[in-house]
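Structure file run-v2.tsv (TSV, C-alpha atoms and all ligand atoms) is printed below.
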```tsv
chain	number	residue	atom	x	y	z
R	34	MET	CA	-26.55	16.33	-0.66
R	35	THR	CA	-25.47	19.98	-0.93
R	36	ASP	CA	-21.93	21.24	-0.26
R	37	ASN	CA	-23.10	22.50	3.14
R	38	ASP	CA	-24.19	19.04	4.28
R	39	TYR	CA	-20.74	17.51	4.12
R	40	VAL	CA	-18.47	18.23	7.09
R	41	HIS	CA	-15.21	18.23	5.12
R	42	GLY	CA	-16.60	20.32	2.23
R	43	TYR	CA	-15.43	20.24	-1.40
R	44	SER	CA	-12.53	22.73	-1.35
R	45	GLU	CA	-9.28	22.16	-3.27
R	46	ARG	CA	-7.53	21.60	0.09
R	47	GLU	CA	-10.01	18.84	0.96
R	48	ARG	CA	-9.53	17.26	-2.46
R	49	GLN	CA	-5.76	17.20	-1.92
R	50	ARG	CA	-6.29	15.80	1.60
R	51	LEU	CA	-8.34	12.91	0.20
R	52	ARG	CA	-5.62	12.18	-2.36
R	53	ASP	CA	-2.82	12.29	0.28
R	54	GLN	CA	-4.91	10.06	2.54
R	55	SER	CA	-5.54	7.43	-0.10
R	56	GLN	CA	-1.92	7.28	-1.29
R	57	THR	CA	-0.51	6.94	2.21
R	58	LEU	CA	-3.07	4.34	3.18
R	59	ALA	CA	-3.25	2.45	-0.12
R	60	ASP	CA	-1.41	-0.65	0.96
R	61	LEU	CA	-2.77	-0.77	4.51
R	62	LEU	CA	-6.38	-0.50	3.39
R	63	HIS	CA	-6.42	-2.10	-0.06
R	64	HIS	CA	-3.75	-4.81	-0.23
R	65	ASP	CA	-6.42	-7.49	0.26
R	66	THR	CA	-9.04	-6.06	-2.12
R	67	SER	CA	-9.07	-7.25	-5.72
R	68	TYR	CA	-11.95	-8.12	-8.00
R	69	PRO	CA	-12.00	-10.86	-10.63
R	70	ALA	CA	-11.95	-10.26	-14.37
R	71	GLY	CA	-15.36	-9.39	-15.74
R	72	SER	CA	-16.95	-8.68	-12.35
R	73	ARG	CA	-19.11	-5.59	-11.94
R	74	VAL	CA	-18.16	-3.38	-8.99
R	75	LEU	CA	-20.08	-0.38	-7.62
R	76	GLU	CA	-18.08	2.21	-5.70
R	77	ALA	CA	-20.57	4.30	-3.74
R	78	GLY	CA	-19.48	7.82	-2.73
R	79	CYS	CA	-16.28	7.84	-4.79
R	80	GLY	CA	-15.56	11.53	-4.10
R	81	VAL	CA	-12.65	12.80	-6.18
R	82	GLY	CA	-11.68	9.25	-7.13
R	83	ALA	CA	-8.87	8.84	-4.63
R	84	GLN	CA	-9.78	5.21	-3.85
R	85	THR	CA	-11.19	4.61	-7.34
R	86	VAL	CA	-7.76	4.97	-8.97
R	87	ILE	CA	-6.28	2.39	-6.58
R	88	LEU	CA	-9.17	-0.05	-6.97
R	89	ALA	CA	-9.28	0.20	-10.76
R	90	ARG	CA	-5.51	-0.22	-11.04
R	91	ASN	CA	-5.47	-3.24	-8.69
R	92	SER	CA	-8.29	-4.97	-10.62
R	93	PRO	CA	-7.73	-3.95	-14.26
R	94	GLU	CA	-10.09	-6.59	-15.65
R	95	ALA	CA	-13.04	-5.67	-13.40
R	96	GLN	CA	-15.64	-3.12	-14.55
R	97	PHE	CA	-16.24	-0.31	-12.05
R	98	THR	CA	-19.19	2.03	-11.75
R	99	ALA	CA	-18.35	4.94	-9.44
R	100	ILE	CA	-21.09	7.21	-8.13
R	101	ASP	CA	-21.18	10.33	-5.97
R	102	ALA	CA	-23.80	12.91	-5.09
R	103	SER	CA	-21.43	15.78	-5.95
R	104	PRO	CA	-21.17	16.58	-9.69
R	105	SER	CA	-17.90	18.50	-9.22
R	106	SER	CA	-16.30	15.54	-7.40
R	107	ILE	CA	-17.41	13.20	-10.18
R	108	ALA	CA	-15.79	15.51	-12.76
R	109	THR	CA	-12.53	15.51	-10.77
R	110	ALA	CA	-12.66	11.73	-10.32
R	111	GLN	CA	-13.20	11.25	-14.03
R	112	ALA	CA	-10.14	13.40	-14.79
R	113	ALA	CA	-8.05	11.45	-12.22
R	114	ILE	CA	-8.95	8.12	-13.83
R	115	GLY	CA	-8.18	9.58	-17.28
R	116	SER	CA	-4.76	10.84	-16.26
R	117	ALA	CA	-3.99	7.49	-14.61
R	118	GLY	CA	-4.60	5.91	-18.02
R	119	LEU	CA	-7.37	3.66	-16.71
R	120	CYS	CA	-10.44	2.81	-18.78
R	121	ASN	CA	-12.35	0.35	-16.59
R	122	VAL	CA	-14.45	2.92	-14.67
R	123	THR	CA	-17.68	4.67	-15.62
R	124	PHE	CA	-18.91	7.55	-13.49
R	125	GLN	CA	-22.40	8.73	-12.63
R	126	VAL	CA	-23.82	11.44	-10.38
R	127	ALA	CA	-26.18	9.48	-8.13
R	128	ASP	CA	-27.52	9.31	-4.60
R	129	ILE	CA	-26.95	6.15	-2.56
R	130	PHE	CA	-30.54	6.45	-1.31
R	131	GLN	CA	-31.95	6.55	-4.86
R	132	LEU	CA	-29.69	4.21	-6.76
R	133	PRO	CA	-30.40	4.28	-10.51
R	134	PHE	CA	-29.66	0.56	-10.97
R	135	PRO	CA	-31.91	-2.49	-11.09
R	136	GLU	CA	-31.74	-5.01	-8.23
R	137	ALA	CA	-28.85	-7.50	-8.38
R	138	SER	CA	-26.81	-5.40	-10.85
R	139	PHE	CA	-23.39	-5.79	-9.19
R	140	ASP	CA	-21.04	-8.55	-8.04
R	141	HIS	CA	-19.33	-6.30	-5.49
R	142	VAL	CA	-19.93	-3.02	-3.69
R	143	PHE	CA	-17.16	-0.87	-2.21
R	144	VAL	CA	-17.73	2.03	0.20
R	145	CYS	CA	-14.96	4.05	1.86
R	146	PHE	CA	-15.31	6.98	4.31
R	147	VAL	CA	-18.94	7.58	3.35
R	148	LEU	CA	-21.17	5.98	6.03
R	149	GLU	CA	-19.63	8.31	8.65
R	150	HIS	CA	-21.32	11.24	6.87
R	151	LEU	CA	-24.81	9.77	6.52
R	152	ARG	CA	-27.81	10.24	8.80
R	153	GLN	CA	-29.02	6.75	7.90
R	154	PRO	CA	-26.05	4.44	7.38
R	155	ASP	CA	-28.28	1.38	8.00
R	156	GLU	CA	-30.61	2.39	5.20
R	157	ALA	CA	-27.67	3.16	2.89
R	158	LEU	CA	-26.33	-0.37	3.41
R	159	ARG	CA	-29.77	-1.86	2.74
R	160	ARG	CA	-30.03	0.12	-0.53
R	161	LEU	CA	-26.56	-1.08	-1.53
R	162	ARG	CA	-27.47	-4.67	-0.63
R	163	ALA	CA	-30.43	-4.49	-3.00
R	164	VAL	CA	-28.20	-3.81	-6.03
R	165	LEU	CA	-25.84	-6.67	-5.13
R	166	LYS	CA	-26.32	-10.11	-6.63
R	167	PRO	CA	-26.96	-12.89	-4.08
R	168	GLY	CA	-23.54	-14.03	-2.88
R	169	GLY	CA	-21.96	-10.71	-3.93
R	170	SER	CA	-19.55	-8.96	-1.59
R	171	LEU	CA	-19.65	-5.71	0.33
R	172	THR	CA	-16.47	-3.94	1.46
R	173	VAL	CA	-16.77	-0.96	3.80
R	174	ILE	CA	-13.90	1.07	5.23
R	175	GLU	CA	-14.42	3.70	7.94
R	176	GLY	CA	-12.30	5.49	10.52
R	177	ASP	CA	-13.08	6.14	14.17
R	178	HIS	CA	-11.70	9.34	15.66
R	179	GLY	CA	-12.08	7.87	19.17
R	180	SER	CA	-9.22	5.53	18.25
R	181	THR	CA	-6.79	8.47	18.11
R	182	PHE	CA	-3.97	8.63	20.61
R	183	PHE	CA	-0.75	10.56	20.45
R	184	HIS	CA	2.30	11.83	22.30
R	185	PRO	CA	2.77	14.39	23.80
R	186	ARG	CA	-0.64	13.99	25.43
R	187	SER	CA	-2.70	17.17	25.32
R	188	ALA	CA	-6.21	17.95	26.50
R	189	ALA	CA	-6.15	21.05	24.29
R	190	ALA	CA	-5.44	18.93	21.20
R	191	TRP	CA	-8.26	16.56	22.18
R	192	ARG	CA	-10.67	19.51	22.36
R	193	THR	CA	-10.06	20.24	18.67
R	194	ILE	CA	-10.65	16.58	17.75
R	195	GLN	CA	-13.82	16.61	19.85
R	196	CYS	CA	-14.94	19.73	17.94
R	197	LEU	CA	-14.64	17.81	14.66
R	198	ILE	CA	-16.60	14.89	16.15
R	199	ASP	CA	-19.29	17.30	17.40
R	200	VAL	CA	-19.47	19.31	14.14
R	201	GLN	CA	-19.91	16.07	12.20
R	202	ALA	CA	-22.56	14.84	14.66
R	203	ALA	CA	-24.43	18.15	14.33
R	204	MET	CA	-24.57	17.51	10.58
R	205	GLY	CA	-26.03	14.05	11.16
R	206	GLY	CA	-22.79	12.12	10.79
R	207	ASN	CA	-20.81	9.87	13.12
R	208	ALA	CA	-17.03	10.19	13.31
R	209	LEU	CA	-16.95	7.21	15.70
R	210	ILE	CA	-18.60	4.80	13.27
R	211	GLY	CA	-15.65	2.46	12.75
R	212	ARG	CA	-16.35	0.57	15.98
R	213	GLU	CA	-19.97	0.05	14.88
R	214	LEU	CA	-19.31	-1.52	11.48
R	215	TYR	CA	-19.88	-5.10	12.62
R	216	PRO	CA	-23.41	-4.57	14.01
R	217	LEU	CA	-24.29	-2.08	11.25
R	218	VAL	CA	-23.44	-4.45	8.42
R	219	ARG	CA	-25.15	-7.39	10.15
R	220	ARG	CA	-28.32	-5.35	10.78
R	221	ALA	CA	-28.44	-4.47	7.08
R	222	GLY	CA	-28.89	-8.18	6.34
R	223	PHE	CA	-25.41	-9.22	5.22
R	224	ARG	CA	-23.85	-12.52	6.32
R	225	GLU	CA	-20.27	-13.65	7.00
R	226	VAL	CA	-19.36	-10.21	8.31
R	227	ALA	CA	-15.64	-9.96	9.05
R	228	VAL	CA	-14.11	-6.73	10.40
R	229	SER	CA	-10.38	-6.13	10.50
R	230	PRO	CA	-8.79	-3.16	12.27
R	231	ARG	CA	-6.06	-1.36	10.32
R	232	PHE	CA	-3.68	0.34	12.69
R	233	VAL	CA	-1.68	3.41	11.72
R	234	TYR	CA	1.36	4.40	13.72
R	235	ALA	CA	3.64	7.33	12.87
R	236	ASP	CA	6.82	8.66	14.44
R	237	SER	CA	9.75	10.59	12.98
R	238	SER	CA	11.48	7.36	11.92
R	239	ARG	CA	8.55	6.96	9.45
R	240	PRO	CA	8.53	10.35	7.73
R	241	THR	CA	6.12	9.22	4.99
R	242	TRP	CA	3.50	8.41	7.60
R	243	VAL	CA	4.12	11.62	9.56
R	244	ALA	CA	3.67	13.76	6.43
R	245	GLY	CA	1.06	11.68	4.61
R	246	PHE	CA	-1.06	10.69	7.57
R	247	THR	CA	-0.47	12.75	10.74
R	248	ARG	CA	-0.07	16.10	8.98
R	249	ASN	CA	-1.74	15.96	5.59
R	250	THR	CA	-4.58	13.62	6.45
R	251	TYR	CA	-5.43	13.87	10.14
R	252	ILE	CA	-4.41	17.37	11.22
R	253	ALA	CA	-5.68	18.76	7.90
R	254	MET	CA	-9.03	17.07	8.56
R	255	VAL	CA	-9.32	18.50	12.08
R	256	GLU	CA	-8.31	21.98	10.83
R	257	GLY	CA	-11.08	21.74	8.25
R	258	ALA	CA	-13.65	21.91	11.08
R	259	ARG	CA	-12.26	25.17	12.52
R	260	ASP	CA	-14.71	27.66	11.03
R	261	GLN	CA	-17.76	25.57	11.90
R	262	ALA	CA	-16.50	24.91	15.45
R	263	LEU	CA	-15.78	28.61	16.05
R	264	ALA	CA	-19.10	29.70	14.52
R	265	ALA	CA	-21.00	27.23	16.70
R	266	GLY	CA	-19.23	28.56	19.82
R	267	MET	CA	-17.77	25.13	20.61
R	268	ILE	CA	-14.34	26.62	21.25
R	269	ASP	CA	-12.62	30.02	21.06
R	270	ARG	CA	-9.79	30.98	18.74
R	271	PRO	CA	-6.88	30.84	21.27
R	272	ALA	CA	-8.00	27.40	22.52
R	273	TRP	CA	-8.29	26.19	18.92
R	274	ASP	CA	-4.81	27.47	17.99
R	275	LYS	CA	-3.27	25.90	21.10
R	276	GLY	CA	-4.95	22.57	20.32
R	277	ILE	CA	-3.69	22.54	16.73
R	278	ALA	CA	-0.17	23.51	17.85
R	279	ASP	CA	-0.23	20.61	20.33
R	280	LEU	CA	-1.47	18.23	17.64
R	281	GLU	CA	1.39	19.38	15.43
R	282	ALA	CA	3.80	18.43	18.21
R	283	SER	CA	2.72	14.81	17.68
R	284	ALA	CA	4.19	15.16	14.17
R	285	GLY	CA	7.43	16.62	15.57
R	286	PRO	CA	10.78	14.90	16.19
R	287	ASP	CA	9.68	13.37	19.52
R	288	GLY	CA	5.99	13.00	18.71
R	289	THR	CA	4.02	9.84	17.94
R	290	PHE	CA	0.56	9.41	16.48
R	291	SER	CA	-1.81	6.42	16.27
R	292	TYR	CA	-5.18	5.79	14.63
R	293	THR	CA	-7.27	2.79	13.66
R	294	PHE	CA	-9.40	2.25	10.54
R	295	PHE	CA	-11.94	-0.56	10.33
R	296	LYS	CA	-12.53	-2.62	7.20
R	297	ALA	CA	-15.62	-4.83	6.98
R	298	VAL	CA	-16.17	-7.47	4.33
R	299	ALA	CA	-19.51	-9.28	4.07
R	300	VAL	CA	-21.65	-11.34	1.71
R	301	ALA	CA	-25.11	-10.47	0.37
R	302	PRO	CA	-27.75	-13.16	1.05
Y	1	LIG	C1	-15.10	11.65	2.67
Y	1	LIG	S1	-15.68	11.58	1.03
Y	1	LIG	C2	-14.96	10.04	0.60
Y	1	LIG	C3	-14.68	9.94	-0.85
Y	1	LIG	C4	-13.95	8.66	-1.27
Y	1	LIG	N1	-14.72	7.46	-0.98
Y	1	LIG	C5	-12.59	8.57	-0.63
Y	1	LIG	O1	-12.38	7.68	0.22
Y	1	LIG	O2	-11.72	9.37	-0.98
Y	1	LIG	C6	-17.43	11.21	1.15
Y	1	LIG	C7	-18.13	11.28	-0.18
Y	1	LIG	O3	-19.44	10.74	-0.04
Y	1	LIG	C8	-20.31	11.47	-0.87
Y	1	LIG	N2	-21.70	11.26	-0.43
Y	1	LIG	C9	-22.25	11.62	0.73
Y	1	LIG	N3	-23.55	11.28	0.78
Y	1	LIG	C10	-23.85	10.69	-0.41
Y	1	LIG	C11	-25.01	10.12	-0.96
Y	1	LIG	N4	-26.18	10.09	-0.28
Y	1	LIG	N5	-24.95	9.59	-2.19
Y	1	LIG	C12	-23.78	9.61	-2.89
Y	1	LIG	N6	-22.64	10.15	-2.41
Y	1	LIG	C13	-22.65	10.67	-1.18
Y	1	LIG	C14	-19.82	12.90	-0.72
Y	1	LIG	O4	-20.26	13.72	-1.81
Y	1	LIG	C15	-18.31	12.71	-0.68
Y	1	LIG	O5	-17.75	12.81	-1.97
```
Would you mind writing the structure in this file as structure tokens?
Amino acid sequence: MTDNDYVHGYSERERQRLRDQSQTLADLLHHDTSYPAGSRVLEAGCGVGAQTVILARNSPEAQFTAIDASPSSIATAQAAIGSAGLCNVTFQVADIFQLPFPEASFDHVFVCFVLEHLRQPDEALRRLRAVLKPGGSLTVIEGDHGSTFFHPRSAAAWRTIQCLIDVQAAMGGNALIGRELYPLVRRAGFREVAVSPRFVYADSSRPTWVAGFTRNTYIAMVEGARDQALAAGMIDRPAWDKGIADLEASAGPDGTFSYTFFKAVAVAP
């Protein structure tokens, strides 16, 4: 994967967005994920290590291998783990579609916000299944932008979200993948697939969620698609600015914002 193939890019702003996202969502997404002492865990598509730090801290006796296709993200992730004082993670630049591990190398695989960017999420899951031991577990977390609703309602704001969905689709991704996790994971040959929705709700009585999720995660993510959406002629500048201003109103004193993540857990045959 090159930097141009990834809808959110690898800018410093995107790195900060991923960190804000993981901190705000840490408990909601990870409270029920922990790995036993001595188990070997593969995190595929670790990015800048935003989830890696949480996983490694929650399971200090497990041994993590974190891979990503981007060398600069791996370097940042390595630094993040170092400054968190954690020593149970090794990093490797590697492609999910060409995993440099023998079959049945891992007890657990963890994937977060990666399948939505892949042209072949089914194949990715099959490749990951191959490196899992029989009876090993898969955990996948994805969002679904179609689950977004907010107040005040605004068609202009929805146009900007639709631009992000369309930009990602044009790059071969699927920003609506959360709703598909159950069939995707089953088709890849896993058993005991269990999907749980993780609902986010923010209003001004929950300022941490408004700042950490509505503003710094969600609106920042939509804004990240601006240049591509404008260049592709999906929207013009005034319509974009109006949409973002309306989205920002959902983070205002009388605004509300809702979104659902999907977490699938399954067992390798
Ligand atoms: C949205 S980021 C998520 C990063 C991290 N999991 C998180 O939740 O913060 C997606 C990551 O997947 C990586 N990625 C995409 N395709 C990949 C592939 N084929 N092999 C390995 N990594 C890949 C990208 O480089 C990027 O770092």
Task: Counting only C-alpha atoms, the option among R:Asp236, R:Glu156, R:Asp260, R:Asp199 closest to Gly42 of chain R - done: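 Of all the options, R:Asp260 lies closest to Gly42 of chain R.
Distance check against Pro69 of chain R using only C-alpha atoms: of R:Asp177, R:Glu94, R:Glu149, R:Glu256, the minimum falls on R:Glu94.
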Quick one: which chain R residues come within 8 Å of ligand LIG 1 (chain Y), and what is the nearest atom pair for each with the distance in Å to one decimal, counting only C-alpha atoms and all ligand atoms, rows ordered by chain and ascending number, as a tab-separated table?
```
residue	atom	partner	partner_atom	distance
R:Met34	CA	Y:LIG1	N3	6.0
R:Asp36	CA	Y:LIG1	O4	7.9
R:Tyr39	CA	Y:LIG1	C14	6.7
R:His41	CA	Y:LIG1	C1	7.0
R:Tyr43	CA	Y:LIG1	O5	7.8
R:Leu51	CA	Y:LIG1	O2	5.0
R:Arg52	CA	Y:LIG1	O2	6.9
R:Gln54	CA	Y:LIG1	O2	7.7
R:Ser55	CA	Y:LIG1	O2	6.5
R:Glu76	CA	Y:LIG1	N1	7.8
R:Ala77	CA	Y:LIG1	C12	6.3
R:Gly78	CA	Y:LIG1	N6	3.9
R:Cys79	CA	Y:LIG1	N1	4.1
R:Gly80	CA	Y:LIG1	O5	3.3
R:Val81	CA	Y:LIG1	O2	6.3
R:Gly82	CA	Y:LIG1	O2	6.2
R:Ala83	CA	Y:LIG1	O2	4.7
R:Gln84	CA	Y:LIG1	O2	5.4
R:Thr85	CA	Y:LIG1	C4	7.8
R:Ile100	CA	Y:LIG1	C12	6.4
R:Asp101	CA	Y:LIG1	N6	3.9
R:Ala102	CA	Y:LIG1	C12	4.0
R:Ser103	CA	Y:LIG1	O4	4.8
R:Ser106	CA	Y:LIG1	O5	6.2
R:Val126	CA	Y:LIG1	C12	7.7
R:Ala127	CA	Y:LIG1	C12	5.8
R:Asp128	CA	Y:LIG1	N5	3.5
R:Ile129	CA	Y:LIG1	N5	4.0
R:Phe130	CA	Y:LIG1	N4	5.8
R:Val144	CA	Y:LIG1	N1	6.3
R:Cys145	CA	Y:LIG1	N1	4.4
R:Phe146	CA	Y:LIG1	C2	4.8
R:Val147	CA	Y:LIG1	C6	4.5
R:Leu148	CA	Y:LIG1	C9	7.8
R:His150	CA	Y:LIG1	C9	6.2
R:Leu151	CA	Y:LIG1	N3	6.1
R:Ala157	CA	Y:LIG1	N4	7.8
```
Output C-alpha atoms for every residue in the selection just made, as a PDB file, in the coordinates of the input.
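Now in out-v1.pdb:
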```pdb
ATOM      1  CA  MET R  34     -26.550  16.330  -0.660  1.00  0.00           C
ATOM      2  CA  ASP R  36     -21.930  21.240  -0.260  1.00  0.00           C
ATOM      3  CA  TYR R  39     -20.740  17.510   4.120  1.00  0.00           C
ATOM      4  CA  HIS R  41     -15.210  18.230   5.120  1.00  0.00           C
ATOM      5  CA  TYR R  43     -15.430  20.240  -1.400  1.00  0.00           C
ATOM      6  CA  LEU R  51      -8.340  12.910   0.200  1.00  0.00           C
ATOM      7  CA  ARG R  52      -5.620  12.180  -2.360  1.00  0.00           C
ATOM      8  CA  GLN R  54      -4.910  10.060   2.540  1.00  0.00           C
ATOM      9  CA  SER R  55      -5.540   7.430  -0.100  1.00  0.00           C
ATOM     10  CA  GLU R  76     -18.080   2.210  -5.700  1.00  0.00           C
ATOM     11  CA  ALA R  77     -20.570   4.300  -3.740  1.00  0.00           C
ATOM     12  CA  GLY R  78     -19.480   7.820  -2.730  1.00  0.00           C
ATOM     13  CA  CYS R  79     -16.280   7.840  -4.790  1.00  0.00           C
ATOM     14  CA  GLY R  80     -15.560  11.530  -4.100  1.00  0.00           C
ATOM     15  CA  VAL R  81     -12.650  12.800  -6.180  1.00  0.00           C
ATOM     16  CA  GLY R  82     -11.680   9.250  -7.130  1.00  0.00           C
ATOM     17  CA  ALA R  83      -8.870   8.840  -4.630  1.00  0.00           C
ATOM     18  CA  GLN R  84      -9.780   5.210  -3.850  1.00  0.00           C
ATOM     19  CA  THR R  85     -11.190   4.610  -7.340  1.00  0.00           C
ATOM     20  CA  ILE R 100     -21.090   7.210  -8.130  1.00  0.00           C
ATOM     21  CA  ASP R 101     -21.180  10.330  -5.970  1.00  0.00           C
ATOM     22  CA  ALA R 102     -23.800  12.910  -5.090  1.00  0.00           C
ATOM     23  CA  SER R 103     -21.430  15.780  -5.950  1.00  0.00           C
ATOM     24  CA  SER R 106     -16.300  15.540  -7.400  1.00  0.00           C
ATOM     25  CA  VAL R 126     -23.820  11.440 -10.380  1.00  0.00           C
ATOM     26  CA  ALA R 127     -26.180   9.480  -8.130  1.00  0.00           C
ATOM     27  CA  ASP R 128     -27.520   9.310  -4.600  1.00  0.00           C
ATOM     28  CA  ILE R 129     -26.950   6.150  -2.560  1.00  0.00           C
ATOM     29  CA  PHE R 130     -30.540   6.450  -1.310  1.00  0.00           C
ATOM     30  CA  VAL R 144     -17.730   2.030   0.200  1.00  0.00           C
ATOM     31  CA  CYS R 145     -14.960   4.050   1.860  1.00  0.00           C
ATOM     32  CA  PHE R 146     -15.310   6.980   4.310  1.00  0.00           C
ATOM     33  CA  VAL R 147     -18.940   7.580   3.350  1.00  0.00           C
ATOM     34  CA  LEU R 148     -21.170   5.980   6.030  1.00  0.00           C
ATOM     35  CA  HIS R 150     -21.320  11.240   6.870  1.00  0.00           C
ATOM     36  CA  LEU R 151     -24.810   9.770   6.520  1.00  0.00           C
ATOM     37  CA  ALA R 157     -27.670   3.160   2.890  1.00  0.00           C
TER      38      ALA R 157
END
```
- [ ] Write out as a ChimeraX atom specification the residues lying within 12 Å of Phe223 of chain R, counting all atoms listed in the file and excluding same-chain residues fewer than 5 positions away.
- [x] /R:155,158-163,165-172,214-218,297-302
Open item on the list: Could you tell me how far atom CA of Val173 of chain R sits from atom CA of Leu280 of chain R, in Å to one decimal place?
Closed with: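 If I compute the distance from atom CA of Leu280 of chain R to atom CA of Val173 of chain R, I get 28.2 Å.
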Task: Spatial neighbours of Tyr68 of chain R, 10 Å, only C-alpha atoms, chain gap at least 6 places, as number ranges by chain - done: R: 74, 88-89, 91-97, 140-141, 170
- [ ] Find the residues near Gln261 of chain R: any atom within 12 Å, counting all atoms listed in the file, skip ones fewer than 3 places away on the same chain, and give them as a ChimeraX atom specification.
- [x] /R:37-42,193,196-201,203-204,255-258,264-270,273
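Separating atom CA of Arg73 of chain R from atom CA of Phe294 of chain R is a distance of 25.7 Å.
Using only C-alpha atoms, the nearest neighbour of Ala189 of chain R within the list R:Ala282, R:Ile210, R:Cys120, R:Ala110 is R:Ala282.
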Open item on the list: Quick check, in Å to one decimal: how far apart do atom CA of Leu58 of chain R and atom CA of Gly288 of chain R lie?
Closed with: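 Between atom CA of Leu58 of chain R and atom CA of Gly288 of chain R the gap works out to 20.0 Å.
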Output of segment 187-225 of chain R limited to C-alpha atoms, as a short mmCIF file (atom, residue, chain, number, x, y, z; two decimals), in the first residue's frame:
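Below you can see result.cif, which holds the result:
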```
data_model
loop_
_atom_site.label_atom_id
_atom_site.label_comp_id
_atom_site.auth_asym_id
_atom_site.auth_seq_id
_atom_site.Cartn_x
_atom_site.Cartn_y
_atom_site.Cartn_z
CA SER R 187 -28.77 18.76 8.02
CA ALA R 188 -28.77 17.51 4.44
CA ALA R 189 -25.68 19.66 3.81
CA ALA R 190 -23.79 17.90 6.61
CA TRP R 191 -24.86 14.52 5.21
CA ARG R 192 -23.43 15.48 1.81
CA THR R 193 -19.97 15.84 3.35
CA ILE R 194 -20.28 12.43 5.07
CA GLN R 195 -21.44 10.93 1.77
CA CYS R 196 -18.36 12.45 0.10
CA LEU R 197 -16.13 10.59 2.56
CA ILE R 198 -18.05 7.35 1.91
CA ASP R 199 -17.72 7.88 -1.86
CA VAL R 200 -14.01 8.86 -1.73
CA GLN R 201 -13.29 5.72 0.29
CA ALA R 202 -15.35 3.58 -2.12
CA ALA R 203 -13.45 5.06 -5.09
CA MET R 204 -10.24 3.88 -3.42
CA GLY R 205 -11.64 0.36 -3.06
CA GLY R 206 -12.73 0.67 0.56
CA ASN R 207 -16.09 0.41 2.30
CA ALA R 208 -17.02 2.92 5.01
CA LEU R 209 -20.25 0.97 5.62
CA ILE R 210 -18.51 -2.29 6.47
CA GLY R 211 -19.54 -2.51 10.14
CA ARG R 212 -22.97 -3.91 9.27
CA GLU R 213 -21.32 -6.62 7.15
CA LEU R 214 -18.94 -8.01 9.76
CA TYR R 215 -21.10 -11.01 10.65
CA PRO R 216 -21.36 -12.44 7.10
CA LEU R 217 -17.78 -11.41 6.26
CA VAL R 218 -16.24 -13.25 9.20
CA ARG R 219 -18.45 -16.31 8.65
CA ARG R 220 -17.58 -16.46 4.93
CA ALA R 221 -13.88 -16.41 5.84
CA GLY R 222 -14.40 -19.74 7.61
CA PHE R 223 -14.56 -18.69 11.27
CA ARG R 224 -17.07 -20.23 13.69
CA GLU R 225 -18.91 -18.92 16.77
#
```
